[in-house]
$ cat input-v8.txt   # compact mmCIF, C-alpha atoms
# COMPACT_ATOMS: atom_id res chain seq x y z
CA MET Q 1 12.37 -24.24 15.50
CA PRO Q 2 11.53 -22.44 18.78
CA PRO Q 3 9.28 -19.41 18.21
CA ARG Q 4 11.75 -16.99 19.79
CA LEU Q 5 14.62 -18.19 17.62
CA ARG Q 6 12.36 -18.04 14.57
CA ALA Q 7 11.44 -14.44 15.34
CA CYS Q 8 15.11 -13.50 15.84
CA LEU Q 9 16.11 -14.97 12.49
CA ARG Q 10 13.29 -13.21 10.70
CA GLY Q 11 14.24 -10.00 12.51
CA ALA Q 12 17.82 -10.32 11.26
CA HIS Q 13 16.55 -10.79 7.71
CA LEU Q 14 14.35 -7.73 8.13
CA ILE Q 15 17.26 -5.56 9.31
CA VAL Q 16 19.32 -6.59 6.30
CA HIS Q 17 16.34 -5.89 4.04
CA LEU Q 18 15.93 -2.41 5.53
CA ILE Q 19 19.59 -1.70 4.79
CA VAL Q 20 19.04 -2.86 1.21
CA GLY Q 21 16.01 -0.55 1.00
CA LEU Q 22 17.95 2.44 2.30
CA THR Q 23 20.73 1.74 -0.19
CA ALA Q 24 18.19 1.61 -3.00
CA ALA Q 25 16.67 4.85 -1.72
CA LEU Q 26 20.06 6.53 -1.90
CA ALA Q 27 20.59 5.18 -5.43
CA VAL Q 28 17.27 6.65 -6.57
CA ARG Q 29 18.09 9.98 -4.97
CA LEU Q 30 21.52 10.17 -6.61
CA ASP Q 31 20.54 8.70 -10.00
CA PRO Q 32 21.70 11.26 -12.58
CA THR Q 33 19.94 9.54 -15.48
CA GLY Q 34 16.42 9.43 -14.05
CA ARG Q 35 16.09 5.88 -15.38
CA LEU Q 36 15.53 4.24 -12.01
CA HIS Q 37 11.78 3.86 -11.53
CA PRO Q 38 11.01 4.14 -7.81
CA GLU Q 39 7.74 2.23 -8.27
CA LEU Q 40 9.50 -0.82 -9.72
CA ILE Q 41 12.20 -0.77 -7.06
CA ALA Q 42 9.53 -0.46 -4.35
CA GLN Q 43 7.64 -3.38 -5.89
CA ARG Q 44 10.63 -5.72 -5.67
CA TRP Q 45 11.47 -4.53 -2.16
CA SER Q 46 7.88 -4.96 -0.98
CA ARG Q 47 7.63 -8.49 -2.36
CA ARG Q 48 10.71 -9.47 -0.41
CA LEU Q 49 9.36 -7.82 2.74
CA LEU Q 50 6.16 -9.85 2.58
CA ARG Q 51 8.18 -13.02 2.14
CA ILE Q 52 10.29 -12.21 5.20
CA LEU Q 53 7.09 -11.72 7.22
CA GLU Q 54 5.71 -14.92 5.64
CA ILE Q 55 2.42 -13.31 4.69
CA ARG Q 56 0.51 -15.36 2.12
CA VAL Q 57 -1.22 -13.01 -0.32
CA THR Q 58 -4.21 -13.84 -2.49
CA VAL Q 59 -5.19 -11.47 -5.30
CA ARG Q 60 -8.64 -11.42 -6.85
CA GLY Q 61 -9.49 -9.44 -9.96
CA THR Q 62 -7.08 -7.49 -12.13
CA PRO Q 63 -5.68 -3.94 -12.01
CA VAL Q 64 -6.73 -1.85 -14.98
CA ASP Q 65 -4.10 -1.06 -17.60
CA GLY Q 66 -2.81 2.46 -18.00
CA ALA Q 67 -2.85 5.45 -15.69
CA ARG Q 68 -5.23 5.30 -12.75
CA ILE Q 69 -5.86 6.25 -9.15
CA THR Q 70 -6.22 3.28 -6.84
CA VAL Q 71 -8.30 3.82 -3.69
CA ALA Q 72 -8.33 1.28 -0.88
CA ASN Q 73 -9.57 0.78 2.64
CA HIS Q 74 -6.85 1.20 5.26
CA VAL Q 75 -6.11 -1.42 7.91
CA SER Q 76 -2.37 -1.34 8.53
CA TRP Q 77 1.00 -0.03 7.39
CA LEU Q 78 1.15 -3.46 5.70
CA ASP Q 79 -1.35 -2.13 3.14
CA ILE Q 80 1.48 -0.18 1.52
CA PRO Q 81 3.89 -3.06 0.77
CA LEU Q 82 0.90 -5.28 -0.08
CA LEU Q 83 -0.37 -2.92 -2.79
CA ALA Q 84 3.13 -2.02 -3.97
CA ALA Q 85 4.03 -5.71 -4.32
CA CYS Q 86 1.01 -6.42 -6.49
CA ALA Q 87 1.17 -3.40 -8.83
CA PRO Q 88 3.79 -0.64 -9.26
CA THR Q 89 2.43 2.51 -7.68
CA ARG Q 90 3.20 5.67 -5.81
CA PHE Q 91 1.31 6.60 -2.67
CA ILE Q 92 -0.24 9.63 -1.04
CA ALA Q 93 0.68 9.99 2.63
CA LYS Q 94 0.41 12.56 5.40
CA SER Q 95 3.19 15.14 5.28
CA GLU Q 96 4.57 14.18 8.71
CA ILE Q 97 5.94 10.93 7.29
CA ARG Q 98 8.35 12.86 5.06
CA ASP Q 99 10.67 13.57 8.02
CA TRP Q 100 10.43 10.19 9.78
CA PRO Q 101 13.71 8.25 10.03
CA VAL Q 102 13.85 5.12 7.86
CA ALA Q 103 10.14 5.07 6.94
CA GLY Q 104 10.31 8.63 5.64
CA TRP Q 105 13.50 7.96 3.69
CA LEU Q 106 11.94 4.93 2.04
CA ALA Q 107 8.72 6.83 1.29
CA ASN Q 108 10.64 9.71 -0.26
CA ALA Q 109 12.62 7.35 -2.49
CA ALA Q 110 9.41 5.65 -3.60
CA GLY Q 111 8.12 8.96 -4.99
CA THR Q 112 5.42 9.48 -2.38
CA PHE Q 113 3.11 12.49 -2.71
CA TYR Q 114 2.53 14.23 0.61
CA ILE Q 115 -0.65 15.89 1.78
CA ARG Q 116 -0.87 18.40 4.59
CA ARG Q 117 -3.71 17.80 7.01
CA GLY Q 118 -6.40 20.44 7.37
CA LYS Q 119 -8.19 22.87 5.11
CA GLY Q 120 -6.47 23.59 1.84
CA GLY Q 121 -4.01 20.75 2.19
CA ALA Q 122 -5.32 18.85 -0.83
CA ARG Q 123 -4.77 21.57 -3.42
CA PRO Q 124 -0.94 21.50 -3.54
CA VAL Q 125 -0.77 17.71 -3.87
CA ALA Q 126 -3.54 17.69 -6.48
CA GLU Q 127 -1.54 20.17 -8.54
CA ARG Q 128 1.31 17.63 -8.58
CA LEU Q 129 -0.89 14.58 -9.10
CA VAL Q 130 -2.59 15.75 -12.28
CA PRO Q 131 0.61 16.26 -14.36
CA HIS Q 132 1.97 12.94 -13.08
CA LEU Q 133 -1.19 11.03 -14.03
CA SER Q 134 -1.49 12.82 -17.37
CA GLY Q 135 2.14 12.27 -18.30
CA GLY Q 136 1.57 8.93 -19.97
CA GLY Q 137 4.40 7.13 -18.19
CA THR Q 138 6.83 4.91 -20.09
CA ALA Q 139 6.64 1.72 -22.12
CA GLU Q 140 7.19 -0.34 -18.98
CA LEU Q 141 5.36 1.75 -16.41
CA SER Q 142 2.04 3.62 -16.41
CA PRO Q 143 1.29 6.30 -13.78
CA ASN Q 144 -0.58 4.82 -10.82
CA VAL Q 145 -1.16 6.61 -7.54
CA THR Q 146 -2.73 4.97 -4.49
CA LEU Q 147 -4.57 6.74 -1.72
CA PHE Q 148 -6.44 5.67 1.40
CA PRO Q 149 -9.46 7.97 1.46
CA GLU Q 150 -10.66 6.90 4.92
CA GLY Q 151 -7.82 9.00 6.29
CA THR Q 152 -7.03 6.56 9.10
CA THR Q 153 -6.72 2.85 9.78
CA THR Q 154 -9.47 0.56 11.06
CA ASP Q 155 -9.64 -2.91 12.59
CA GLY Q 156 -10.58 -4.30 9.17
CA HIS Q 157 -14.17 -5.11 10.13
CA GLN Q 158 -15.56 -1.79 8.94
CA VAL Q 159 -15.11 0.71 6.13
CA LEU Q 160 -15.19 4.37 7.08
CA ALA Q 161 -16.53 7.14 4.86
CA PHE Q 162 -14.24 7.98 1.94
CA HIS Q 163 -13.12 11.62 1.90
CA ALA Q 164 -13.71 13.10 -1.55
CA ARG Q 165 -11.17 15.90 -1.88
CA LEU Q 166 -8.42 14.05 -3.79
CA PHE Q 167 -10.84 12.31 -6.15
CA ALA Q 168 -10.90 15.56 -8.11
CA ALA Q 169 -7.42 14.71 -9.42
CA ALA Q 170 -8.87 11.73 -11.32
CA ILE Q 171 -11.45 13.98 -12.94
CA ASP Q 172 -8.92 16.65 -13.88
CA ALA Q 173 -6.45 14.08 -15.26
CA ALA Q 174 -9.23 12.06 -16.96
CA VAL Q 175 -8.01 8.75 -15.50
CA PRO Q 176 -10.13 5.98 -14.00
CA VAL Q 177 -10.49 5.31 -10.31
CA GLN Q 178 -10.11 1.66 -9.33
CA PRO Q 179 -11.25 0.68 -5.83
CA ALA Q 180 -9.30 -2.06 -4.07
CA ALA Q 181 -10.43 -3.95 -0.98
CA LEU Q 182 -7.93 -5.21 1.59
CA ARG Q 183 -8.37 -7.69 4.41
CA TYR Q 184 -6.16 -9.81 6.62
CA GLY Q 185 -6.74 -13.15 8.26
CA PRO Q 186 -5.72 -14.14 11.79
CA ASP Q 187 -2.42 -15.82 12.50
CA ALA Q 188 -2.03 -19.51 13.35
CA GLN Q 189 -3.04 -18.78 16.95
CA GLY Q 190 -6.21 -16.97 15.89
CA ARG Q 191 -4.93 -13.50 16.72
CA GLU Q 192 -5.81 -10.54 14.52
CA ILE Q 193 -2.46 -8.81 14.61
CA ALA Q 194 -2.32 -7.19 11.17
CA PRO Q 195 -4.43 -4.10 12.01
CA PHE Q 196 -2.34 -1.11 13.10
CA ILE Q 197 -4.70 1.03 15.13
CA GLY Q 198 -5.15 2.98 18.33
CA ASP Q 199 -2.08 3.42 20.51
CA ASP Q 200 -0.06 0.82 18.62
CA ASP Q 201 3.51 1.77 17.81
CA LEU Q 202 5.41 0.56 14.78
CA LEU Q 203 8.25 -1.21 16.58
CA HIS Q 204 6.02 -3.36 18.79
CA HIS Q 205 3.74 -4.11 15.87
CA ILE Q 206 6.67 -5.34 13.78
CA LEU Q 207 7.89 -7.49 16.68
CA ARG Q 208 4.47 -9.15 16.90
CA LEU Q 209 4.52 -9.80 13.16
CA LEU Q 210 7.98 -11.36 13.36
CA GLY Q 211 6.74 -13.82 15.94
CA ALA Q 212 3.54 -14.72 14.09
CA ARG Q 213 2.88 -17.62 11.73
CA GLY Q 214 0.18 -18.29 9.19
CA LEU Q 215 -0.71 -14.68 8.35
CA THR Q 216 -2.78 -14.16 5.21
CA ALA Q 217 -3.79 -11.10 3.24
CA GLU Q 218 -6.27 -10.61 0.43
CA LEU Q 219 -6.36 -7.90 -2.23
CA ILE Q 220 -9.54 -7.58 -4.28
CA TRP Q 221 -9.40 -5.41 -7.39
CA CYS Q 222 -12.86 -3.96 -8.00
CA THR Q 223 -14.30 -2.83 -11.32
CA PRO Q 224 -12.88 0.59 -12.33
CA LEU Q 225 -15.37 3.42 -12.10
CA PRO Q 226 -16.49 4.84 -15.46
CA LEU Q 227 -15.30 8.17 -16.75
CA PRO Q 228 -16.00 10.94 -17.33
CA GLN Q 229 -17.22 11.99 -13.91
CA THR Q 230 -17.77 15.57 -12.84
CA ASP Q 231 -18.52 15.05 -9.17
CA ARG Q 232 -15.76 13.99 -6.80
CA SER Q 233 -18.29 13.19 -4.06
CA THR Q 234 -19.99 10.69 -6.37
CA LEU Q 235 -16.65 9.07 -7.17
CA ALA Q 236 -15.85 8.78 -3.47
CA ALA Q 237 -19.25 7.31 -2.60
CA GLN Q 238 -19.12 4.79 -5.46
CA SER Q 239 -15.59 3.73 -4.48
CA GLU Q 240 -16.60 3.28 -0.85
CA GLN Q 241 -19.60 1.18 -1.87
CA ALA Q 242 -17.47 -0.97 -4.17
CA VAL Q 243 -15.02 -1.74 -1.37
CA ARG Q 244 -17.83 -2.55 1.06
CA GLU Q 245 -19.43 -4.94 -1.42
CA ALA Q 246 -16.12 -6.62 -2.25
CA LEU Q 247 -15.38 -7.28 1.40
CA SER Q 248 -18.85 -8.67 2.06
CA THR Q 249 -19.36 -10.77 -1.07
CA SER Q 250 -15.91 -11.84 -2.29
CA THR Q 251 -16.32 -15.38 -3.58
CA SER Q 252 -14.54 -15.16 -6.92
CA PRO Q 253 -11.56 -17.46 -7.46
CA ALA Q 254 -8.10 -16.06 -6.89
CA VAL Q 255 -6.33 -15.34 -10.15
CA ARG Q 256 -2.84 -15.39 -8.67
CA THR Q 257 -1.01 -15.60 -5.37
CA PRO Q 258 2.02 -13.30 -5.78
CA VAL Q 259 3.58 -13.89 -2.37
CA ARG Q 260 3.80 -17.41 -0.98
CA PRO Q 261 6.33 -18.37 1.69
CA PRO Q 262 9.10 -19.18 1.44
CA ALA Q 263 9.22 -17.76 -2.10
CA ALA Q 264 6.92 -17.37 -5.06
CA LEU Q 265 8.39 -14.37 -6.82
CA ALA Q 266 11.88 -13.89 -8.07
CA ALA Q 267 13.69 -11.32 -6.02

$ encode --input "input-v8.txt" --output "structure tokens"
Amino acid sequence: MPPRLRACLRGAHLIVHLIVGLTAALAVRLDPTGRLHPELIAQRWSRRLLRILEIRVTVRGTPVDGARITVANHVSWLDIPLLAACAPTRFIAKSEIRDWPVAGWLANAAGTFYIRRGKGGARPVAERLVPHLSGGGTAELSPNVTLFPEGTTTDGHQVLAFHARLFAAAIDAAVPVQPAALRYGPDAQGREIAPFIGDDDLLHHILRLLGARGLTAELIWCTPLPLPQTDRSTLAAQSEQAVREALSTSTSPAVRTPVRPPAALAA
């Protein structure tokens, strides 16, 4: 199949999938019973998205059972569907995303917690995080919140310092912190197109992804950090070190590959 035709077909599938996502977002918003779990809906939607983009995902290690905060390095907007596909979770995002068309609607439906940039912005979100993490969840779903403590994306070849301010929520809620390391391989032509950095815009980045073949992603679950901890800076530093070590020494066998084109997971 010619590359341009291939990209057009994948683009059509993506548009349909976005419509499905917006419909699901509306259903969550209007659900009078509260029985629709946004994390589980986001997981199914994210798995399908990765299949449309034909990204082969390898997972190493295992997410800890029960409530937790997951902290990961940040390379791309793809980090969000990658983590959501592999474990039901809510995310922490900058407050500007709340009002974005499409992306903001999907984030709102997924139960995203928003943080305002600048001094004092962490306190309001922390006050919402602690009750959520301490709530115990349900029989089918434990509270899990994911944050990217670097605060920005990188090219994937470095790990920036982890900001410590939201790690206090793990201490206050008495839940473990589990670091997760993310990395992406080049496409079939050797291009590193997964990172979303600099002056990149979302539309052009998606168009490049639609035309790419052979993309791979790896998620490495690190050992959860022991509790209790009383120092958020220590938690942040230990998490950062765990991610650095995982990215530099990952040789353990993959325990599962949840997304494998054309399909590996039931929709």

$ residues_around --input "input-v8.txt" --residues "Leu160 (chain Q)" --least-positions-apart "6" --cutoff "12 Å" --atoms "only C-alpha atoms" --output "number ranges by chain"
Q: 72-75, 148-154, 236-237, 239-241, 243-244

$ atom_distance --input "input-v8.txt" --atom1 "CA of Val125 (chain Q)" --atom2 "CA of Ala170 (chain Q)"
12.5 Å

$ residues_around --input "input-v8.txt" --residues "Ala103 (chain Q)" --least-positions-apart "6" --cutoff "12 Å" --atoms "only C-alpha atoms" --output "list in words"
Leu18, Ile19, Gly21, Leu22, Ala25, Trp77, Ile80, Pro81, Ala93, Glu96, Ile97, Ala109, Ala110, Thr112, Leu202 and Leu203 of chain Q

$ write_last_selection --input "input-v8.txt" --atoms "C-alpha atoms" --output "mmCIF file, in the frame of the given file"
data_model
loop_
_atom_site.group_PDB
_atom_site.id
_atom_site.type_symbol
_atom_site.label_atom_id
_atom_site.label_comp_id
_atom_site.auth_asym_id
_atom_site.auth_seq_id
_atom_site.Cartn_x
_atom_site.Cartn_y
_atom_site.Cartn_z
ATOM 1 C CA LEU Q 18 15.930 -2.410 5.530
ATOM 2 C CA ILE Q 19 19.590 -1.700 4.790
ATOM 3 C CA GLY Q 21 16.010 -0.550 1.000
ATOM 4 C CA LEU Q 22 17.950 2.440 2.300
ATOM 5 C CA ALA Q 25 16.670 4.850 -1.720
ATOM 6 C CA TRP Q 77 1.000 -0.030 7.390
ATOM 7 C CA ILE Q 80 1.480 -0.180 1.520
ATOM 8 C CA PRO Q 81 3.890 -3.060 0.770
ATOM 9 C CA ALA Q 93 0.680 9.990 2.630
ATOM 10 C CA GLU Q 96 4.570 14.180 8.710
ATOM 11 C CA ILE Q 97 5.940 10.930 7.290
ATOM 12 C CA ALA Q 109 12.620 7.350 -2.490
ATOM 13 C CA ALA Q 110 9.410 5.650 -3.600
ATOM 14 C CA THR Q 112 5.420 9.480 -2.380
ATOM 15 C CA LEU Q 202 5.410 0.560 14.780
ATOM 16 C CA LEU Q 203 8.250 -1.210 16.580
#

$ atom_distance --input "input-v8.txt" --atom1 "CA of Thr89 (chain Q)" --atom2 "CA of Leu182 (chain Q)"
15.9 Å

$ closest_atom_pairs --input "input-v8.txt" --of "region 163-197 of chain Q" --to "region 52-64 of chain Q" --cutoff "12 Å" --atoms "all atoms listed in the file" --output "JSON lines"
{"residue": "Q:Val175", "atom": "CA", "partner": "Q:Val64", "partner_atom": "CA", "distance": 10.7}
{"residue": "Q:Pro176", "atom": "CA", "partner": "Q:Val64", "partner_atom": "CA", "distance": 8.6}
{"residue": "Q:Val177", "atom": "CA", "partner": "Q:Val64", "partner_atom": "CA", "distance": 9.3}
{"residue": "Q:Gln178", "atom": "CA", "partner": "Q:Val64", "partner_atom": "CA", "distance": 7.5}
{"residue": "Q:Pro179", "atom": "CA", "partner": "Q:Pro63", "partner_atom": "CA", "distance": 9.5}
{"residue": "Q:Ala180", "atom": "CA", "partner": "Q:Pro63", "partner_atom": "CA", "distance": 8.9}
{"residue": "Q:Ala181", "atom": "CA", "partner": "Q:Arg60", "partner_atom": "CA", "distance": 9.7}
{"residue": "Q:Leu182", "atom": "CA", "partner": "Q:Val59", "partner_atom": "CA", "distance": 9.7}
{"residue": "Q:Arg183", "atom": "CA", "partner": "Q:Val57", "partner_atom": "CA", "distance": 10.1}
{"residue": "Q:Tyr184", "atom": "CA", "partner": "Q:Val57", "partner_atom": "CA", "distance": 9.1}
{"residue": "Q:Gly185", "atom": "CA", "partner": "Q:Arg56", "partner_atom": "CA", "distance": 9.8}
{"residue": "Q:Pro186", "atom": "CA", "partner": "Q:Ile55", "partner_atom": "CA", "distance": 10.8}
{"residue": "Q:Asp187", "atom": "CA", "partner": "Q:Ile55", "partner_atom": "CA", "distance": 9.5}
{"residue": "Q:Ala188", "atom": "CA", "partner": "Q:Ile55", "partner_atom": "CA", "distance": 11.5}
{"residue": "Q:Ile193", "atom": "CA", "partner": "Q:Ile55", "partner_atom": "CA", "distance": 11.9}
{"residue": "Q:Ala194", "atom": "CA", "partner": "Q:Ile55", "partner_atom": "CA", "distance": 10.1}

$ atom_distance --input "input-v8.txt" --atom1 "CA of Ser134 (chain Q)" --atom2 "CA of Asp31 (chain Q)"
23.6 Å

$ residues_around --input "input-v8.txt" --residues "region 6-8 of chain Q" --least-positions-apart "6" --cutoff "10 Å" --atoms "all atoms listed in the file" --output "list in words"
Leu14, Leu53, Leu207, Arg208, Leu209, Leu210, Gly211, Ala212 and Arg213 of chain Q

$ closest_residue --input "input-v8.txt" --among "Q:Leu49, Q:Leu9, Q:Leu78, Q:Ala24" --to "Asn108 (chain Q)" --atoms "all atoms listed in the file"
Q:Ala24

$ decode --input "input-v8.txt" --residues "region 128-160 of chain Q" --atoms "C-alpha atoms" --output "compact mmCIF listing (two decimals), in the first residue's frame"
# COMPACT_ATOMS: atom_id res chain seq x y z
CA ARG Q 128 -8.18 16.79 45.90
CA LEU Q 129 -5.59 14.06 45.38
CA VAL Q 130 -5.37 12.90 48.99
CA PRO Q 131 -9.10 12.04 49.42
CA HIS Q 132 -9.10 10.32 46.03
CA LEU Q 133 -6.07 8.18 46.87
CA SER Q 134 -7.34 7.43 50.37
CA GLY Q 135 -10.81 6.49 49.21
CA GLY Q 136 -10.03 2.83 48.65
CA GLY Q 137 -11.57 2.64 45.19
CA THR Q 138 -13.86 -0.24 44.22
CA ALA Q 139 -13.58 -3.98 43.84
CA GLU Q 140 -12.53 -3.57 40.21
CA LEU Q 141 -10.53 -0.36 40.39
CA SER Q 142 -7.96 1.01 42.86
CA PRO Q 143 -7.08 4.73 42.90
CA ASN Q 144 -4.04 5.44 40.74
CA VAL Q 145 -2.87 8.89 39.73
CA THR Q 146 -0.03 9.52 37.29
CA LEU Q 147 2.13 12.61 37.15
CA PHE Q 148 5.13 13.74 35.11
CA PRO Q 149 7.33 15.48 37.66
CA GLU Q 150 9.83 16.83 35.10
CA GLY Q 151 7.17 19.38 34.22
CA THR Q 152 7.99 19.30 30.49
CA THR Q 153 8.84 16.87 27.72
CA THR Q 154 12.33 15.87 26.61
CA ASP Q 155 13.85 14.15 23.58
CA GLY Q 156 13.92 10.89 25.54
CA HIS Q 157 17.70 10.80 25.87
CA GLN Q 158 17.76 12.58 29.22
CA VAL Q 159 15.81 12.73 32.46
CA LEU Q 160 15.29 16.15 33.98
